[in-house]
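Enquirer: So here's run_22.txt (compact mmCIF, C-alpha atoms).
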```txt
# COMPACT_ATOMS: atom_id res chain seq x y z
CA MET A 9 85.77 101.54 96.16
CA ILE A 10 84.95 104.58 94.02
CA ASP A 11 88.66 105.19 93.43
CA LEU A 12 89.19 101.57 92.42
CA LEU A 13 86.28 101.60 89.98
CA GLY A 14 87.39 104.94 88.53
CA LEU A 15 90.96 103.70 88.13
CA LEU A 16 89.86 100.52 86.40
CA ALA A 17 87.38 102.31 84.16
CA TYR A 18 90.07 104.64 82.88
CA ALA A 19 92.56 101.78 82.49
CA ARG A 20 90.06 99.79 80.45
CA LEU A 21 89.20 102.80 78.28
CA VAL A 22 92.87 103.40 77.48
CA ALA A 23 93.36 99.68 76.81
CA PHE A 24 90.52 99.82 74.27
CA PHE A 25 92.16 102.65 72.32
CA ARG A 26 95.59 101.02 72.51
CA LEU A 27 94.43 97.61 71.30
CA ALA A 28 92.40 99.20 68.52
CA GLY A 29 95.56 101.01 67.40
CA ASP A 30 97.59 97.81 67.63
CA ALA A 31 95.00 96.07 65.44
CA GLU A 32 95.75 98.51 62.64
CA LEU A 33 99.46 97.58 62.81
CA ALA A 34 98.91 93.81 62.98
CA PRO A 35 100.70 91.97 60.15
CA THR A 36 97.87 89.60 59.20
CA LEU A 37 94.11 89.76 58.87
CA ALA A 38 93.76 87.05 61.51
CA SER A 39 95.77 89.03 64.05
CA LYS A 40 93.91 92.22 63.15
CA GLY A 41 90.63 90.49 63.86
CA ALA A 42 91.87 88.96 67.12
CA LEU A 43 93.05 92.31 68.45
CA ALA A 44 89.83 93.98 67.34
CA ASP A 45 87.94 91.40 69.42
CA LEU A 46 90.16 92.13 72.44
CA ALA A 47 89.61 95.86 72.00
CA ALA A 48 85.84 95.31 71.88
CA ALA A 49 86.04 93.29 75.11
CA GLU A 50 87.94 96.12 76.80
CA HIS A 51 85.29 98.61 75.73
CA ALA A 52 82.60 96.34 77.16
CA ASN A 53 84.54 96.21 80.45
CA TYR A 54 84.80 99.99 80.45
CA ARG A 55 81.04 100.32 79.98
CA ARG A 56 80.32 97.94 82.88
CA LEU A 57 82.56 99.94 85.22
CA HIS A 58 81.19 103.24 83.91
CA ASP A 59 77.61 102.08 84.47
CA ARG A 60 78.39 100.81 87.98
CA LEU A 61 79.79 104.20 88.95
CA ALA A 62 76.63 105.83 87.61
CA GLU A 63 74.52 103.40 89.68
CA LEU A 64 76.42 104.62 92.75
CA ASP A 65 75.40 108.21 91.91
CA VAL A 66 78.98 109.08 90.99
CA GLN A 67 79.86 110.95 87.81
CA PRO A 68 82.06 108.36 86.04
CA GLU A 69 84.34 110.92 84.41
CA SER A 70 85.00 112.59 87.75
CA ALA A 71 85.95 109.22 89.26
CA MET A 72 88.32 108.47 86.37
CA GLU A 73 89.96 111.88 86.05
CA PRO A 74 92.43 111.61 89.00
CA PHE A 75 94.06 108.61 87.35
CA SER A 76 94.52 110.00 83.87
CA VAL A 77 97.88 111.64 84.62
CA PRO A 78 99.71 108.65 86.20
CA LEU A 79 98.32 106.11 83.72
CA ASP A 80 98.99 108.32 80.69
CA ALA A 81 102.53 108.90 81.99
CA TRP A 82 103.07 105.14 82.33
CA HIS A 83 101.94 104.52 78.76
CA ALA A 84 104.16 107.34 77.52
CA ARG A 85 107.20 105.83 79.28
CA THR A 86 106.47 102.39 77.87
CA GLU A 87 105.70 103.21 74.25
CA PRO A 88 106.33 100.02 72.22
CA GLN A 89 108.77 100.22 69.36
CA SER A 90 107.45 97.19 67.49
CA TRP A 91 104.40 95.00 67.01
CA LEU A 92 105.82 92.32 69.31
CA GLU A 93 106.64 94.83 72.05
CA SER A 94 103.04 96.06 71.93
CA LEU A 95 101.82 92.48 72.42
CA VAL A 96 104.13 91.87 75.38
CA LYS A 97 102.99 95.13 76.94
CA ALA A 98 99.32 94.23 76.48
CA TYR A 99 99.91 90.93 78.25
CA VAL A 100 102.66 91.45 80.82
CA GLY A 101 102.30 95.13 81.70
CA ASP A 102 98.53 95.15 81.94
CA GLY A 103 98.55 91.71 83.54
CA ILE A 104 100.68 92.58 86.54
CA ALA A 105 98.77 95.83 87.00
CA GLY A 106 95.57 93.79 86.95
CA ASP A 107 96.94 91.49 89.64
CA PHE A 108 97.55 94.55 91.79
CA TYR A 109 94.04 95.91 91.19
CA GLY A 110 92.65 92.51 92.11
CA LYS A 111 94.38 92.64 95.48
CA ILE A 112 92.69 95.97 96.19
CA ALA A 113 89.33 94.56 95.12
CA ASP A 114 89.70 91.69 97.59
CA LEU A 115 89.27 94.27 100.37
CA CYS A 116 86.01 95.63 98.94
CA ASP A 117 82.44 94.37 99.06
CA GLU A 118 81.42 91.18 97.25
CA GLN A 119 79.69 92.94 94.35
CA THR A 120 82.76 95.07 93.68
CA GLN A 121 85.02 92.03 93.90
CA GLU A 122 82.94 90.18 91.31
CA LEU A 123 82.81 93.14 88.92
CA VAL A 124 86.53 93.77 89.14
CA ARG A 125 87.41 90.10 88.64
CA ASP A 126 85.15 89.91 85.58
CA THR A 127 86.78 92.96 83.99
CA LEU A 128 90.30 91.66 84.63
CA VAL A 129 89.86 88.29 82.90
CA GLU A 130 92.67 87.93 80.36
CA SER A 131 92.43 84.34 79.08
CA GLY A 132 91.69 85.27 75.45
CA ARG A 133 94.45 87.83 75.42
CA ALA A 134 96.90 85.42 77.03
CA GLU A 135 96.36 82.71 74.46
CA PHE A 136 96.64 85.08 71.49
CA VAL A 137 99.72 86.96 72.71
CA ALA A 138 101.58 83.86 73.88
CA SER A 139 101.09 82.10 70.55
CA GLN A 140 102.18 85.15 68.55
CA VAL A 141 105.32 85.71 70.60
CA ARG A 142 106.30 82.03 70.63
CA SER A 143 105.93 81.86 66.85
CA ALA A 144 108.09 84.95 66.39
CA ILE A 145 110.81 83.58 68.69
CA ALA A 146 110.79 80.25 66.84
CA GLU A 147 111.56 82.13 63.63
CA ASP A 148 114.14 84.45 65.25
CA PRO A 149 115.51 83.15 68.59
CA ALA A 150 117.43 86.39 69.15
CA LEU A 151 114.11 88.11 69.88
CA ALA A 152 113.78 86.23 73.19
CA GLY A 153 116.47 88.22 74.99
CA ARG A 154 115.25 91.61 73.79
CA LEU A 155 111.63 90.89 74.64
CA SER A 156 112.61 89.52 78.07
CA LEU A 157 114.39 92.80 78.83
CA TRP A 158 111.34 94.71 77.63
CA ALA A 159 109.08 92.68 79.91
CA ARG A 160 111.30 93.41 82.92
CA ARG A 161 111.25 97.11 82.12
CA LEU A 162 107.45 97.02 81.99
CA VAL A 163 107.33 95.56 85.50
CA GLY A 164 109.62 98.28 86.84
CA GLU A 165 107.54 100.99 85.23
CA ALA A 166 104.35 99.37 86.54
CA LEU A 167 105.74 99.63 90.07
CA SER A 168 106.34 103.33 89.53
CA GLN A 169 102.76 103.63 88.27
CA ALA A 170 101.39 101.99 91.41
CA GLN A 171 103.41 104.33 93.63
CA SER A 172 102.19 107.34 91.68
CA VAL A 173 98.54 106.29 91.91
CA ALA A 174 98.83 105.53 95.63
CA SER A 175 100.49 108.86 96.35
CA ARG A 176 97.70 110.72 94.56
CA ARG A 177 94.91 108.71 96.19
CA PRO A 178 96.07 107.81 99.72
CA GLU A 179 92.75 106.10 100.48
CA LEU A 180 93.76 103.27 98.15
CA ALA A 181 97.13 102.92 99.84
CA ALA A 182 95.50 103.04 103.29
CA LEU A 183 93.09 100.28 102.26
CA LEU A 184 96.01 98.02 101.44
CA GLY A 185 98.08 99.22 104.37
CA SER A 186 95.59 98.53 107.12
CA GLY A 187 92.20 97.67 105.65
CA VAL A 188 90.49 99.99 108.12
CA ARG A 189 92.32 103.30 108.45
CA SER A 190 91.29 106.29 106.34
CA VAL A 191 94.29 108.57 106.05
CA ALA A 192 92.23 111.43 104.73
CA SER A 193 89.76 111.42 107.62
CA GLU A 194 92.58 111.19 110.16
CA ALA A 195 94.25 114.19 108.60
CA ASP A 196 91.02 116.19 108.84
CA THR A 197 90.42 115.15 112.46
CA HIS A 198 93.95 115.94 113.66
CA ALA A 199 94.77 118.93 111.46
CA ALA A 200 95.39 121.18 114.47
CA ASP A 201 97.97 118.92 116.08
CA GLY A 202 101.43 119.02 114.51
CA THR A 203 102.52 115.83 116.22
CA GLU A 204 99.54 113.92 114.99
CA ASP A 205 100.02 115.43 111.52
CA ALA A 206 103.46 113.87 111.58
CA ASP A 207 101.91 110.56 112.59
CA VAL A 208 99.57 110.75 109.61
CA SER A 209 102.49 111.51 107.29
CA GLU A 210 104.36 108.51 108.65
CA ALA A 211 101.26 106.38 108.15
CA GLN A 212 100.97 107.54 104.55
CA ALA A 213 104.63 106.67 103.96
CA ALA A 214 104.08 103.24 105.49
CA ASP A 215 101.04 102.67 103.28
CA LEU A 216 103.01 103.61 100.17
CA ALA A 217 105.74 101.19 101.23
CA THR A 218 103.11 98.48 101.61
CA VAL A 219 101.88 99.17 98.07
CA SER A 220 105.43 98.80 96.75
CA ARG A 221 106.00 95.55 98.61
CA ILE A 222 102.73 94.00 97.46
CA PHE A 223 103.38 94.96 93.87
CA ALA A 224 106.93 93.63 94.01
CA ASP A 225 105.63 90.35 95.44
CA LEU A 226 103.33 89.72 92.48
CA THR A 227 105.91 87.51 90.81
CA GLU A 228 104.20 84.16 90.42
CA SER A 229 101.69 85.23 87.78
CA HIS A 230 104.31 87.41 86.10
CA THR A 231 106.70 84.46 85.81
CA ALA A 232 103.93 82.30 84.38
CA ARG A 233 103.17 84.93 81.73
CA LEU A 234 106.81 85.11 80.67
CA GLU A 235 107.09 81.33 80.46
CA ALA A 236 103.90 81.14 78.38
CA MET A 237 105.55 83.43 75.81
CA GLY A 238 108.87 81.59 75.88
CA LEU A 239 110.66 84.43 77.67
CA SER A 240 113.02 84.33 80.65
CA THR A 241 112.49 86.06 83.99
```
Please re-express this file's structure in structure tokens.
Expert:
Amino acid sequence: MIDLLGLLAYARLVAFFRLAGDAELAPTLASKGALADLAAAEHANYRRLHDRLAELDVQPESAMEPFSVPLDAWHARTEPQSWLESLVKAYVGDGIAGDFYGKIADLCDEQTQELVRDTLVESGRAEFVASQVRSAIAEDPALAGRLSLWARRLVGEALSQAQSVASRRPELAALLGSGVRSVASEADTHAADGTEDADVSEAQAADLATVSRIFADLTESHTARLEAMGLST
């Protein structure tokens, strides 16, 4: 649970900075204001997660720090080259990652589930992005193919992000893999037995495979997001 809250807190903090930067590049005052509102909502989500970690007697920055490298690497690999690409990334890339985080939250306590769901709500973002992309495609239909390719690349990179996070924090992968087994505690208990160490390694590999499969299966919402923007799967 601490890992999940730390991961989401850092993700929301980065989303705030990214949307604020996108607002500066927006072509109209209306779109600047809309993105500024979305950035403010992300900052509010970050504060809620930050405060919850503090309530649990956890230093929020310590909980977020393990996820800075994989998430920063994902954003570096998916740097948008245009205003429209930044919108698609804010909707599709963050959306499918949010679906994945939601699946993890479903295995946590009720309070954590509610908090995570509240901070992953994307309705305002969806409506704004979909309308902007549809309008741009109506003016230049050739954009549809390029943006569809960009969206598919975002999904592939998001899968790599999930694998990277799970490999760094095996407790998250174990939660999805079995719901009960703690890989870290098993490793500590059986450290003296080479055979059982091998079993733990195999279990970790199986958990990572489960993460990959779950992420790859999150297609329904992804397809709906593409269709809302007028893009193909």
Enquirer: Near Gly101 in chain A, within 8 Å and counting all atoms listed in the file, which residues show up once chain neighbours fewer than 3 positions away are dropped, as an MDAnalysis selection string?
Expert: chainID A and resid 96:98 104:105 159 162:163 166
Enquirer: Taking all atoms listed in the file into account, which of A:Ala62, A:Leu157, A:Ile112, A:Ala71 comes nearest Ala182 in chain A?
Expert: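 That would be A:Ile112, the residue with the smallest distance to Ala182 in chain A.
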Enquirer: Mind listing as a compact mmCIF listing (two decimals) with C-alpha atoms, in the coordinates of the input all residues within 12 Å of (86.3, 88.6, 88.3), counting all atoms listed in the file?
Expert:
```
# COMPACT_ATOMS: atom_id res chain seq x y z
CA ASN A 53 84.54 96.21 80.45
CA GLY A 106 95.57 93.79 86.95
CA ASP A 107 96.94 91.49 89.64
CA TYR A 109 94.04 95.91 91.19
CA GLY A 110 92.65 92.51 92.11
CA LYS A 111 94.38 92.64 95.48
CA ALA A 113 89.33 94.56 95.12
CA ASP A 114 89.70 91.69 97.59
CA GLU A 118 81.42 91.18 97.25
CA GLN A 119 79.69 92.94 94.35
CA THR A 120 82.76 95.07 93.68
CA GLN A 121 85.02 92.03 93.90
CA GLU A 122 82.94 90.18 91.31
CA LEU A 123 82.81 93.14 88.92
CA VAL A 124 86.53 93.77 89.14
CA ARG A 125 87.41 90.10 88.64
CA ASP A 126 85.15 89.91 85.58
CA THR A 127 86.78 92.96 83.99
CA LEU A 128 90.30 91.66 84.63
CA VAL A 129 89.86 88.29 82.90
CA GLU A 130 92.67 87.93 80.36
CA SER A 131 92.43 84.34 79.08
```
Enquirer: Quick one, how far is CA of Gly29 in chain A from CA of Val100 in chain A?
Expert: 17.9 Å
Enquirer: Closest to Glu135 in chain A among A:Tyr99, A:Leu13, A:Leu27, A:Ser90, using all atoms listed in the file?
Expert: A:Tyr99
Enquirer: For Ser172 in chain A, which residue out of A:Leu33, A:Ile10, A:Ala81, A:Ala19 is the nearest one, using only C-alpha atoms?
Expert: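 Looking at the shortest contact to Ser172 in chain A, the residue is A:Ala81.
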Enquirer: Which residue is closest to Arg142 in chain A? Choose from A:Ala236, A:Leu61, A:Leu226, A:Ala44 and count only C-alpha atoms.
Expert: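 Between A:Ala236, A:Leu61, A:Leu226, A:Ala44, the residue approaching Arg142 in chain A most closely is A:Ala236.
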Enquirer: Compare A:Gly132, A:Gly14, A:Pro74, A:Pro88 by their minimum atom-to-atom distance to Arg177 in chain A, counting all atoms listed in the file, and give me the closest one.
Expert: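 The closest residue to Arg177 in chain A is A:Pro74.
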Enquirer: Kindly indicate which residue among A:Leu15, A:Met9, A:Ala23, A:Ala49 lies nearest to Leu64 in chain A, using all atoms listed in the file for the distances.
Expert: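 Looking at the shortest contact to Leu64 in chain A, the residue is A:Met9.
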Enquirer: Can you tell me how far CA of Arg133 in chain A sits from CA of Leu46 in chain A, in Å to one decimal?
Expert: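 Computing it gives 6.8 Å between the two atoms.
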Enquirer: If you count all atoms listed in the file, which residues fall within 12 Å of Ala84 in chain A, apart from same-chain ones fewer than 4 positions away, as an mmCIF file with C-alpha atoms, in the coordinates of the input?
Expert:
```
data_model
loop_
_atom_site.group_PDB
_atom_site.id
_atom_site.type_symbol
_atom_site.label_atom_id
_atom_site.label_comp_id
_atom_site.auth_asym_id
_atom_site.auth_seq_id
_atom_site.Cartn_x
_atom_site.Cartn_y
_atom_site.Cartn_z
ATOM 1 C CA VAL A 22 92.870 103.400 77.480
ATOM 2 C CA ARG A 26 95.590 101.020 72.510
ATOM 3 C CA SER A 76 94.520 110.000 83.870
ATOM 4 C CA VAL A 77 97.880 111.640 84.620
ATOM 5 C CA PRO A 78 99.710 108.650 86.200
ATOM 6 C CA LEU A 79 98.320 106.110 83.720
ATOM 7 C CA ASP A 80 98.990 108.320 80.690
ATOM 8 C CA PRO A 88 106.330 100.020 72.220
ATOM 9 C CA GLN A 89 108.770 100.220 69.360
ATOM 10 C CA LEU A 162 107.450 97.020 81.990
ATOM 11 C CA GLU A 165 107.540 100.990 85.230
ATOM 12 C CA GLN A 169 102.760 103.630 88.270
#
```
Enquirer: Report, in Å with one decimal, the straight-line distance from CA of Arg60 in chain A to CA of Met72 in chain A.
Expert: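 Between CA of Arg60 in chain A and CA of Met72 in chain A the gap is 12.6 Å.
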